[in-house]
>>> print(open('my_file.pdb').read())   # PDB, C-alpha atoms and all ligand atoms
MODEL        1
ATOM      1  CA  MET A   1      46.092  75.791  14.374
ATOM      2  CA  ILE A   2      45.230  73.485  17.278
ATOM      3  CA  ALA A   3      41.664  73.035  18.562
ATOM      4  CA  LEU A   4      40.273  71.983  21.925
ATOM      5  CA  VAL A   5      36.646  70.863  22.197
ATOM      6  CA  THR A   6      35.199  70.368  25.688
ATOM      7  CA  GLY A   7      32.812  67.493  26.428
ATOM      8  CA  ALA A   8      33.667  65.920  23.094
ATOM      9  CA  SER A   9      33.384  62.173  23.756
ATOM     10  CA  ARG A  10      29.817  62.097  22.396
ATOM     11  CA  GLY A  11      26.992  64.116  20.878
ATOM     12  CA  ILE A  12      27.537  67.591  19.477
ATOM     13  CA  GLY A  13      31.092  67.898  20.870
ATOM     14  CA  ARG A  14      32.188  64.686  19.186
ATOM     15  CA  ALA A  15      30.698  65.823  15.842
ATOM     16  CA  ILE A  16      32.539  69.166  16.168
ATOM     17  CA  ALA A  17      35.847  67.386  16.907
ATOM     18  CA  LEU A  18      35.401  65.069  13.910
ATOM     19  CA  ARG A  19      34.492  67.974  11.642
ATOM     20  CA  LEU A  20      37.469  70.166  12.676
ATOM     21  CA  ALA A  21      39.816  67.182  12.241
ATOM     22  CA  CYS A  22      38.301  66.622   8.814
ATOM     23  CA  ASP A  23      39.221  70.248   8.015
ATOM     24  CA  GLY A  24      42.865  69.352   8.850
ATOM     25  CA  ILE A  25      42.978  70.784  12.390
ATOM     26  CA  PRO A  26      44.587  68.675  15.171
ATOM     27  CA  VAL A  27      41.980  68.330  17.921
ATOM     28  CA  VAL A  28      42.178  67.832  21.677
ATOM     29  CA  ILE A  29      39.096  65.926  22.791
ATOM     30  CA  ASN A  30      38.254  66.772  26.394
ATOM     31  CA  TYR A  31      36.021  64.309  28.249
ATOM     32  CA  LEU A  32      34.628  64.060  31.774
ATOM     33  CA  ASN A  33      34.364  60.335  32.452
ATOM     34  CA  ASN A  34      33.825  58.287  29.297
ATOM     35  CA  GLN A  35      37.418  57.503  28.359
ATOM     36  CA  LYS A  36      36.401  54.656  26.042
ATOM     37  CA  ALA A  37      34.101  56.912  23.984
ATOM     38  CA  ALA A  38      36.761  59.656  23.833
ATOM     39  CA  GLU A  39      39.370  57.170  22.639
ATOM     40  CA  SER A  40      37.021  55.840  19.997
ATOM     41  CA  ALA A  41      36.627  59.405  18.661
ATOM     42  CA  VAL A  42      40.436  59.743  18.598
ATOM     43  CA  GLU A  43      40.650  56.444  16.711
ATOM     44  CA  GLU A  44      37.981  57.482  14.211
ATOM     45  CA  ILE A  45      39.893  60.703  13.501
ATOM     46  CA  GLY A  46      43.183  58.792  13.181
ATOM     47  CA  ASN A  47      41.622  56.294  10.762
ATOM     48  CA  ALA A  48      40.463  59.210   8.600
ATOM     49  CA  GLY A  49      44.026  60.599   8.498
ATOM     50  CA  GLY A  50      43.573  63.315  11.149
ATOM     51  CA  ARG A  51      45.274  64.017  14.482
ATOM     52  CA  ALA A  52      43.569  63.934  17.868
ATOM     53  CA  CYS A  53      44.172  63.080  21.509
ATOM     54  CA  ALA A  54      41.856  62.657  24.489
ATOM     55  CA  ILE A  55      42.371  64.430  27.822
ATOM     56  CA  GLN A  56      40.181  63.986  30.919
ATOM     57  CA  ALA A  57      39.116  67.050  32.931
ATOM     58  CA  ASP A  58      36.083  68.491  34.662
ATOM     59  CA  THR A  59      35.856  71.851  32.910
ATOM     60  CA  GLY A  60      33.899  73.318  35.814
ATOM     61  CA  ASP A  61      37.036  73.074  37.982
ATOM     62  CA  PRO A  62      39.669  75.783  37.363
ATOM     63  CA  ASP A  63      42.625  73.641  38.493
ATOM     64  CA  GLN A  64      41.624  70.789  36.210
ATOM     65  CA  VAL A  65      41.171  73.248  33.346
ATOM     66  CA  ASN A  66      44.694  74.610  33.837
ATOM     67  CA  GLN A  67      46.046  71.053  33.795
ATOM     68  CA  LEU A  68      43.988  70.310  30.678
ATOM     69  CA  PHE A  69      45.526  73.257  28.802
ATOM     70  CA  GLN A  70      49.027  72.349  30.025
ATOM     71  CA  GLN A  71      48.655  68.731  28.901
ATOM     72  CA  ALA A  72      47.141  69.829  25.585
ATOM     73  CA  GLU A  73      50.093  72.144  24.974
ATOM     74  CA  ASN A  74      52.553  69.364  25.811
ATOM     75  CA  ARG A  75      50.841  67.028  23.349
ATOM     76  CA  PHE A  76      50.013  69.317  20.403
ATOM     77  CA  GLY A  77      51.052  72.883  21.242
ATOM     78  CA  PRO A  78      49.119  75.937  22.445
ATOM     79  CA  ILE A  79      45.382  76.101  21.725
ATOM     80  CA  ASP A  80      44.245  78.482  18.951
ATOM     81  CA  ILE A  81      40.634  77.308  18.676
ATOM     82  CA  LEU A  82      38.457  76.707  21.724
ATOM     83  CA  VAL A  83      34.969  75.240  21.512
ATOM     84  CA  ASN A  84      33.154  75.472  24.858
ATOM     85  CA  ASN A  85      30.667  72.665  24.309
ATOM     86  CA  ALA A  86      30.437  70.827  27.668
ATOM     87  CA  GLY A  87      26.973  71.233  29.119
ATOM     88  CA  ILE A  88      24.280  69.558  31.189
ATOM     89  CA  LEU A  89      20.512  69.859  31.422
ATOM     90  CA  HIS A  90      18.577  69.236  34.640
ATOM     91  CA  ARG A  91      14.876  69.681  34.040
ATOM     92  CA  GLY A  92      12.778  71.751  36.422
ATOM     93  CA  ASN A  93      10.330  74.608  36.749
ATOM     94  CA  ILE A  94       9.251  77.207  39.295
ATOM     95  CA  ASP A  95       7.553  74.541  41.421
ATOM     96  CA  SER A  96      10.460  72.121  41.360
ATOM     97  CA  TYR A  97      13.540  74.250  42.003
ATOM     98  CA  ASP A  98      16.504  72.107  43.020
ATOM     99  CA  PRO A  99      19.447  74.244  44.216
ATOM    100  CA  VAL A 100      21.888  71.352  43.824
ATOM    101  CA  ALA A 101      20.866  70.825  40.188
ATOM    102  CA  MET A 102      21.067  74.581  39.584
ATOM    103  CA  SER A 103      24.602  74.795  41.015
ATOM    104  CA  ALA A 104      25.669  71.848  38.878
ATOM    105  CA  MET A 105      24.299  73.531  35.732
ATOM    106  CA  LEU A 106      25.952  76.851  36.563
ATOM    107  CA  LYS A 107      29.261  75.070  37.206
ATOM    108  CA  THR A 108      29.260  73.123  33.947
ATOM    109  CA  ASN A 109      27.410  75.464  31.607
ATOM    110  CA  LEU A 110      28.803  78.796  32.796
ATOM    111  CA  ASP A 111      31.932  78.315  34.951
ATOM    112  CA  SER A 112      33.451  76.010  32.289
ATOM    113  CA  VAL A 113      33.234  78.803  29.707
ATOM    114  CA  ILE A 114      34.906  81.222  32.121
ATOM    115  CA  HIS A 115      37.732  78.864  33.156
ATOM    116  CA  CYS A 116      38.499  77.591  29.637
ATOM    117  CA  THR A 117      38.398  81.057  28.059
ATOM    118  CA  ARG A 118      40.710  82.443  30.766
ATOM    119  CA  ALA A 119      43.090  79.513  30.248
ATOM    120  CA  ALA A 120      43.098  79.977  26.458
ATOM    121  CA  ALA A 121      43.368  83.787  26.385
ATOM    122  CA  PRO A 122      47.081  84.335  27.252
ATOM    123  CA  ASN A 123      48.388  82.329  24.315
ATOM    124  CA  MET A 124      45.763  83.687  21.926
ATOM    125  CA  ARG A 125      46.702  87.230  22.981
ATOM    126  CA  LYS A 126      50.375  86.450  22.402
ATOM    127  CA  ASN A 127      49.617  85.127  18.891
ATOM    128  CA  ARG A 128      47.178  87.948  18.192
ATOM    129  CA  ASP A 129      44.808  85.277  16.868
ATOM    130  CA  GLY A 130      42.233  83.081  18.550
ATOM    131  CA  ARG A 131      38.811  81.682  17.741
ATOM    132  CA  ILE A 132      36.343  80.793  20.464
ATOM    133  CA  VAL A 133      32.863  79.350  19.982
ATOM    134  CA  ASN A 134      30.500  78.814  22.899
ATOM    135  CA  ILE A 135      27.618  76.375  22.580
ATOM    136  CA  SER A 136      24.495  78.085  23.906
ATOM    137  CA  SER A 137      20.884  77.002  23.278
ATOM    138  CA  ILE A 138      17.720  78.528  21.886
ATOM    139  CA  ALA A 139      16.432  78.039  25.451
ATOM    140  CA  ALA A 140      18.390  81.236  26.177
ATOM    141  CA  HIS A 141      16.134  83.156  23.786
ATOM    142  CA  GLY A 142      12.919  82.300  25.588
ATOM    143  CA  THR A 143      11.541  79.136  23.991
ATOM    144  CA  ALA A 144       8.509  77.538  25.601
ATOM    145  CA  ALA A 145      10.115  74.085  25.976
ATOM    146  CA  ALA A 146       8.847  72.575  29.235
ATOM    147  CA  GLY A 147      11.362  71.908  31.994
ATOM    148  CA  THR A 148      14.077  74.287  30.787
ATOM    149  CA  THR A 149      13.282  77.122  33.213
ATOM    150  CA  TRP A 150      16.588  76.811  35.109
ATOM    151  CA  TYR A 151      18.725  75.660  32.166
ATOM    152  CA  ALA A 152      17.693  78.704  30.087
ATOM    153  CA  PRO A 153      19.373  81.379  32.270
ATOM    154  CA  THR A 154      22.647  79.407  32.355
ATOM    155  CA  LYS A 155      22.726  79.603  28.561
ATOM    156  CA  ALA A 156      21.572  83.251  28.530
ATOM    157  CA  ALA A 157      24.606  83.976  30.709
ATOM    158  CA  VAL A 158      26.820  82.181  28.178
ATOM    159  CA  GLU A 159      25.492  84.472  25.435
ATOM    160  CA  SER A 160      26.069  87.544  27.571
ATOM    161  CA  LEU A 161      29.639  86.412  28.269
ATOM    162  CA  THR A 162      30.163  85.723  24.563
ATOM    163  CA  ARG A 163      29.575  89.412  23.853
ATOM    164  CA  ARG A 164      31.639  90.593  26.836
ATOM    165  CA  PHE A 165      34.592  88.364  25.937
ATOM    166  CA  ALA A 166      34.352  89.472  22.295
ATOM    167  CA  LEU A 167      34.599  93.054  23.533
ATOM    168  CA  GLU A 168      37.562  92.383  25.814
ATOM    169  CA  LEU A 169      39.515  90.098  23.496
ATOM    170  CA  GLY A 170      38.696  91.608  20.097
ATOM    171  CA  PRO A 171      41.489  94.214  20.229
ATOM    172  CA  ALA A 172      43.945  91.295  20.583
ATOM    173  CA  GLY A 173      42.608  89.684  17.391
ATOM    174  CA  ILE A 174      40.530  87.054  19.188
ATOM    175  CA  ARG A 175      37.027  86.345  17.908
ATOM    176  CA  VAL A 176      34.336  85.045  20.273
ATOM    177  CA  ASN A 177      30.991  83.812  18.957
ATOM    178  CA  ALA A 178      28.254  81.410  20.036
ATOM    179  CA  VAL A 179      26.064  78.855  18.328
ATOM    180  CA  ALA A 180      22.561  78.398  19.737
ATOM    181  CA  PRO A 181      21.267  74.969  18.702
ATOM    182  CA  GLY A 182      17.607  74.032  18.520
ATOM    183  CA  PHE A 183      16.502  70.459  19.181
ATOM    184  CA  ILE A 184      19.405  68.162  18.313
ATOM    185  CA  LEU A 185      19.138  64.403  18.614
ATOM    186  CA  THR A 186      21.762  63.424  21.188
ATOM    187  CA  ASP A 187      21.865  61.415  24.431
ATOM    188  CA  MET A 188      21.077  64.625  26.344
ATOM    189  CA  VAL A 189      17.571  64.794  24.936
ATOM    190  CA  ASP A 190      16.969  61.246  23.821
ATOM    191  CA  PRO A 191      14.040  60.103  25.947
ATOM    192  CA  ALA A 192      12.182  56.783  26.027
ATOM    193  CA  ASN A 193       9.365  58.060  23.786
ATOM    194  CA  ARG A 194      11.894  59.013  21.097
ATOM    195  CA  GLU A 195       9.644  58.527  18.075
ATOM    196  CA  GLU A 196       6.912  60.809  19.402
ATOM    197  CA  VAL A 197       9.372  63.509  20.510
ATOM    198  CA  VAL A 198      11.152  63.467  17.154
ATOM    199  CA  LYS A 199       7.814  63.907  15.362
ATOM    200  CA  THR A 200       6.741  66.794  17.610
ATOM    201  CA  MET A 201      10.076  68.603  17.461
ATOM    202  CA  ALA A 202      10.401  68.111  13.681
ATOM    203  CA  ALA A 203       6.966  69.682  13.216
ATOM    204  CA  LYS A 204       8.095  72.766  15.187
ATOM    205  CA  ALA A 205      10.971  73.474  12.792
ATOM    206  CA  VAL A 206      10.250  75.333   9.566
ATOM    207  CA  LEU A 207      12.598  72.883   7.828
ATOM    208  CA  GLY A 208      10.476  69.969   9.106
ATOM    209  CA  ARG A 209      13.145  67.898  10.848
ATOM    210  CA  CYS A 210      15.198  67.649  14.033
ATOM    211  CA  GLY A 211      18.803  68.780  14.000
ATOM    212  CA  THR A 212      21.837  66.511  13.968
ATOM    213  CA  PRO A 213      25.164  67.047  15.754
ATOM    214  CA  GLU A 214      26.690  67.523  12.286
ATOM    215  CA  ASP A 215      24.355  70.486  11.637
ATOM    216  CA  ILE A 216      25.954  72.223  14.646
ATOM    217  CA  ALA A 217      29.472  71.124  13.710
ATOM    218  CA  GLY A 218      29.095  72.801  10.296
ATOM    219  CA  ALA A 219      28.222  76.143  11.901
ATOM    220  CA  VAL A 220      31.142  75.882  14.351
ATOM    221  CA  ALA A 221      33.565  74.964  11.559
ATOM    222  CA  PHE A 222      32.485  78.121   9.711
ATOM    223  CA  LEU A 223      32.835  80.398  12.754
ATOM    224  CA  VAL A 224      36.364  79.194  13.573
ATOM    225  CA  SER A 225      37.477  79.417   9.938
ATOM    226  CA  ASP A 226      39.018  82.373   8.109
ATOM    227  CA  GLN A 227      35.704  82.687   6.243
ATOM    228  CA  ALA A 228      34.330  84.232   9.453
ATOM    229  CA  ARG A 229      37.321  86.504  10.051
ATOM    230  CA  PHE A 230      35.193  89.676  10.444
ATOM    231  CA  ILE A 231      32.549  88.051  12.671
ATOM    232  CA  THR A 232      32.701  88.402  16.444
ATOM    233  CA  GLY A 233      30.296  88.792  19.364
ATOM    234  CA  GLN A 234      27.531  87.046  17.415
ATOM    235  CA  ILE A 235      25.038  84.361  18.355
ATOM    236  CA  LEU A 236      24.268  82.072  15.403
ATOM    237  CA  THR A 237      20.967  80.232  15.862
ATOM    238  CA  VAL A 238      20.993  76.794  14.227
ATOM    239  CA  ASP A 239      17.498  75.378  14.767
ATOM    240  CA  GLY A 240      15.920  74.734  11.364
ATOM    241  CA  GLY A 241      13.677  77.741  11.925
ATOM    242  CA  ARG A 242      12.122  76.336  15.078
ATOM    243  CA  THR A 243      12.460  79.299  17.396
ATOM    244  CA  ASP A 244       9.106  79.710  19.070
ATOM    245  CA  PHE A 245       8.349  83.194  17.820
ATOM    246  CA  LEU A 246       8.414  81.770  14.284
ATOM    247  CA  SER A 247       6.580  78.516  14.837
ATOM    248  CA  HIS A 248       3.841  79.489  17.271
TER
HETATM  249  P1  LIG B 301      25.583  65.342  25.581
HETATM  250  O1  LIG B 301      25.068  65.083  26.945
HETATM  251  O2  LIG B 301      25.542  64.236  24.592
HETATM  252  O3  LIG B 301      27.065  65.924  25.631
HETATM  253  C1  LIG B 301      27.515  66.776  26.630
HETATM  254  C2  LIG B 301      28.947  66.398  26.934
HETATM  255  O4  LIG B 301      29.472  67.284  27.920
HETATM  256  C3  LIG B 301      29.055  64.977  27.492
HETATM  257  O5  LIG B 301      30.059  64.278  26.811
HETATM  258  C4  LIG B 301      29.423  65.209  28.952
HETATM  259  O6  LIG B 301      30.213  64.175  29.511
HETATM  260  C5  LIG B 301      30.216  66.504  28.844
HETATM  261  N1  LIG B 301      30.332  67.179  30.121
HETATM  262  C6  LIG B 301      29.342  67.419  31.024
HETATM  263  N2  LIG B 301      29.849  68.012  32.112
HETATM  264  C7  LIG B 301      31.183  68.157  31.888
HETATM  265  C8  LIG B 301      32.244  68.700  32.641
HETATM  266  N3  LIG B 301      32.039  69.225  33.856
HETATM  267  N4  LIG B 301      33.493  68.673  32.117
HETATM  268  C9  LIG B 301      33.714  68.150  30.895
HETATM  269  N5  LIG B 301      32.739  67.622  30.129
HETATM  270  C10 LIG B 301      31.488  67.625  30.621
HETATM  271  O7  LIG B 301      24.749  66.572  25.057
HETATM  272  P2  LIG B 301      24.811  67.391  23.684
HETATM  273  O8  LIG B 301      23.403  67.472  23.229
HETATM  274  O9  LIG B 301      25.846  66.881  22.765
HETATM  275  O10 LIG B 301      25.201  68.833  24.249
HETATM  276  C11 LIG B 301      26.354  69.553  23.869
HETATM  277  C12 LIG B 301      26.118  71.028  24.130
HETATM  278  O11 LIG B 301      25.027  71.485  23.315
HETATM  279  C13 LIG B 301      25.722  71.347  25.578
HETATM  280  O12 LIG B 301      26.327  72.549  25.988
HETATM  281  C14 LIG B 301      24.211  71.524  25.486
HETATM  282  O13 LIG B 301      23.720  72.347  26.524
HETATM  283  C15 LIG B 301      24.084  72.163  24.116
HETATM  284  N6  LIG B 301      22.754  72.053  23.501
HETATM  285  C16 LIG B 301      22.224  70.830  23.169
HETATM  286  C17 LIG B 301      20.979  70.791  22.554
HETATM  287  C18 LIG B 301      20.338  69.508  22.139
HETATM  288  O14 LIG B 301      19.170  69.536  21.712
HETATM  289  N7  LIG B 301      21.031  68.373  22.212
HETATM  290  C19 LIG B 301      20.279  71.975  22.285
HETATM  291  C20 LIG B 301      20.858  73.188  22.646
HETATM  292  C21 LIG B 301      22.088  73.216  23.240
ENDMDL
END
>>> encode(input="my_file.pdb", output="structure tokens")
Amino acid sequence: MIALVTGASRGIGRAIALRLACDGIPVVINYLNNQKAAESAVEEIGNAGGRACAIQADTGDPDQVNQLFQQAENRFGPIDILVNNAGILHRGNIDSYDPVAMSAMLKTNLDSVIHCTRAAAPNMRKNRDGRIVNISSIAAHGTAAAGTTWYAPTKAAVESLTRRFALELGPAGIRVNAVAPGFILTDMVDPANREEVVKTMAAKAVLGRCGTPEDIAGAVAFLVSDQARFITGQILTVDGGRTDFLSH
């Protein structure tokens, strides 16, 4: 088994790459522009006895995605496990719609899933085995978090595609699931008033704390493993019980 994790130089993607490598799976770490961070993840995996390599590509661009999969195959072999993690958040609401920011979110959050899944599917079909996990967000389920009005539908589309791809690829033995994280402490959401935000978000979760990238990595590791061999088309919420309909 060979895994490819998109946007894996930092945050949740990096934790997923480290976790899969720890489970003995060679991992291709895709990154957009932080080569140094990607190489440090490769080094960390190597030091722990695992195998990894870093490959640059903008996953929102179909040509770059095809090159990414070709280079990955040349380095490690065809991809069996795909984790569509790359994502961006531009805050906004109905009064502050920015079409440029919206296009950027659709390109990274949605187009990336389409391009990478299409690039991975032929080999997975040939092997009659493939495991795909898309990283969504509880924003897709209708949380009240301010400023996520335009981000939410990009992730809702990812969940819709998760089910459609599961339907199309299931007969070929390919499982497609999604993980919907709650508030996870990463650079994406790490604002200046960190302490206050952490306190507020921890109080919203039934488990009384914010999530860590490793909390998400554990769920992904399960979904791509044989333990989840009869699970497909599912959205696994990993939010410590924060989802607004529980906490408000
Ligand atoms: P992050 O900003 O730390 O990581 C996102 C990574 O994606 C970065 O390394 C970035 O360079 C990469 N990326 C962005 N555009 C790319 C592109 N076009 N091609 C390749 N890589 C690209 O954020 P994170 O919190 O680790 O987020 C990871 C995923 O989890 C995202 O899809 C995000 O939407 C989702 N998510 C995060 C949270 C949270 O609270 N942190 C909650 C729900 C969902």
>>> closest_residue(input="my_file.pdb", among="A:Ala101, A:Asp80, A:Ala38, A:Thr108", to="Thr59 (chain A)", atoms="all atoms listed in the file")
A:Thr108
>>> axis_aligned_box(input="my_file.pdb", around="ligand LIG 301 (chain B)", padding_each_side="8 Å", output="AutoDock Vina command-line options")
--center_x 26.4 --center_y 68.7 --center_z 27.8 --size_x 30.5 --size_y 25.0 --size_z 28.1
>>> residues_around(input="my_file.pdb", residues="Ile45 (chain A)", least_positions_apart="4", cutoff="12 Å", atoms="only C-alpha atoms", output="list in words")
Arg14, Ala15, Ile16, Ala17, Leu18, Arg19, Leu20, Ala21, Cys22, Asp23, Gly24, Ile25, Pro26, Val27, Val28, Ile29, Ala38, Glu39, Ser40, Ala41, Gly49, Gly50, Arg51, Ala52, Cys53 and Ala54 of chain A
>>> residues_around(input="my_file.pdb", residues="region 125-138 of chain A", least_positions_apart="4", cutoff="7 Å", atoms="all atoms listed in the file", output="count of residues only")
25
>>> closest_residue(input="my_file.pdb", among="A:Gly170, A:Pro191, A:Gly208, A:Pro213", to="Ile231 (chain A)", atoms="all atoms listed in the file")
A:Gly170
>>> atom_distance(input="my_file.pdb", atom1="atom N7 of ligand LIG 301 (chain B)", atom2="CA of Gly60 (chain A)")
19.4 Å
>>> closest_residue(input="my_file.pdb", among="A:Ala139, A:Ala48, A:Ala192, A:Met1", to="ligand LIG 301 (chain B)", atoms="only C-alpha atoms and all ligand atoms")
A:Ala139
>>> closest_residue(input="my_file.pdb", among="A:Leu223, A:Ala146, A:Leu110, A:Met188", to="ligand LIG 301 (chain B)", atoms="all atoms listed in the file")
A:Met188
>>> atom_distance(input="my_file.pdb", atom1="CA of Arg194 (chain A)", atom2="CA of Ala37 (chain A)")
22.5 Å
>>> atom_distance(input="my_file.pdb", atom1="CA of Ile2 (chain A)", atom2="CA of Leu68 (chain A)")
13.8 Å
>>> closest_residue(input="my_file.pdb", among="A:Ser225, A:Ser160, A:Asn93, A:Thr117", to="Pro62 (chain A)", atoms="all atoms listed in the file")
A:Thr117
>>> resolve_selection(input="my_file.pdb", expression="the PyMOL selection byres (((chain A and resi 104) around 12) and not hetatm)", output="number ranges by chain")
A: 58-61, 87-90, 98-103, 105-112, 150-151, 154
>>> closest_residue(input="my_file.pdb", among="A:Gln234, A:Asn34, A:Gln67, A:Asn47", to="ligand LIG 301 (chain B)", atoms="all atoms listed in the file")
A:Asn34
>>> residues_around(input="my_file.pdb", residues="Lys36 (chain A)", least_positions_apart="3", cutoff="12 Å", atoms="only C-alpha atoms", output="PyMOL selection string")
chain A and resi 8-10+31-33+39-43+54-56
>>> write_last_selection(input="my_file.pdb", atoms="C-alpha atoms", output="mmCIF file, in the coordinates of the input")
data_model
loop_
_atom_site.group_PDB
_atom_site.id
_atom_site.type_symbol
_atom_site.label_atom_id
_atom_site.label_comp_id
_atom_site.auth_asym_id
_atom_site.auth_seq_id
_atom_site.Cartn_x
_atom_site.Cartn_y
_atom_site.Cartn_z
ATOM 1 C CA ALA A 8 33.667 65.920 23.094
ATOM 2 C CA SER A 9 33.384 62.173 23.756
ATOM 3 C CA ARG A 10 29.817 62.097 22.396
ATOM 4 C CA TYR A 31 36.021 64.309 28.249
ATOM 5 C CA LEU A 32 34.628 64.060 31.774
ATOM 6 C CA ASN A 33 34.364 60.335 32.452
ATOM 7 C CA GLU A 39 39.370 57.170 22.639
ATOM 8 C CA SER A 40 37.021 55.840 19.997
ATOM 9 C CA ALA A 41 36.627 59.405 18.661
ATOM 10 C CA VAL A 42 40.436 59.743 18.598
ATOM 11 C CA GLU A 43 40.650 56.444 16.711
ATOM 12 C CA ALA A 54 41.856 62.657 24.489
ATOM 13 C CA ILE A 55 42.371 64.430 27.822
ATOM 14 C CA GLN A 56 40.181 63.986 30.919
#
>>> build_atoms(input="my_file.pdb", residues="region 139-155 of chain A", atoms="N, CA and C atoms", output="compact mmCIF listing (two decimals), in the coordinates of the input")
# COMPACT_ATOMS: atom_id res chain seq x y z
N ALA A 139 17.12 77.84 24.16
CA ALA A 139 16.43 78.04 25.45
C ALA A 139 16.77 79.42 26.01
N ALA A 140 17.95 79.92 25.69
CA ALA A 140 18.39 81.24 26.18
C ALA A 140 17.54 82.36 25.60
N HIS A 141 16.88 82.09 24.47
CA HIS A 141 16.13 83.16 23.79
C HIS A 141 14.67 83.19 24.21
N GLY A 142 14.29 82.27 25.10
CA GLY A 142 12.92 82.30 25.59
C GLY A 142 11.99 81.34 24.90
N THR A 143 12.44 80.13 24.57
CA THR A 143 11.54 79.14 23.99
C THR A 143 10.60 78.64 25.08
N ALA A 144 9.52 77.99 24.64
CA ALA A 144 8.51 77.54 25.60
C ALA A 144 8.73 76.08 26.01
N ALA A 145 9.88 75.50 25.67
CA ALA A 145 10.12 74.08 25.98
C ALA A 145 9.97 73.83 27.47
N ALA A 146 9.12 72.87 27.82
CA ALA A 146 8.85 72.58 29.24
C ALA A 146 10.10 72.05 29.93
N GLY A 147 10.28 72.46 31.18
CA GLY A 147 11.36 71.91 31.99
C GLY A 147 12.71 72.57 31.80
N THR A 148 12.77 73.64 31.01
CA THR A 148 14.08 74.29 30.79
C THR A 148 14.18 75.64 31.50
N THR A 149 13.32 75.84 32.50
CA THR A 149 13.28 77.12 33.21
C THR A 149 14.63 77.49 33.83
N TRP A 150 15.32 76.52 34.41
CA TRP A 150 16.59 76.81 35.11
C TRP A 150 17.80 76.66 34.20
N TYR A 151 17.65 75.84 33.16
CA TYR A 151 18.73 75.66 32.17
C TYR A 151 18.86 76.93 31.33
N ALA A 152 17.71 77.53 30.97
CA ALA A 152 17.69 78.70 30.09
C ALA A 152 18.60 79.84 30.57
N PRO A 153 18.51 80.26 31.86
CA PRO A 153 19.37 81.38 32.27
C PRO A 153 20.86 81.03 32.27
N THR A 154 21.21 79.75 32.42
CA THR A 154 22.65 79.41 32.35
C THR A 154 23.16 79.66 30.94
N LYS A 155 22.31 79.39 29.95
CA LYS A 155 22.73 79.60 28.56
C LYS A 155 22.62 81.09 28.17
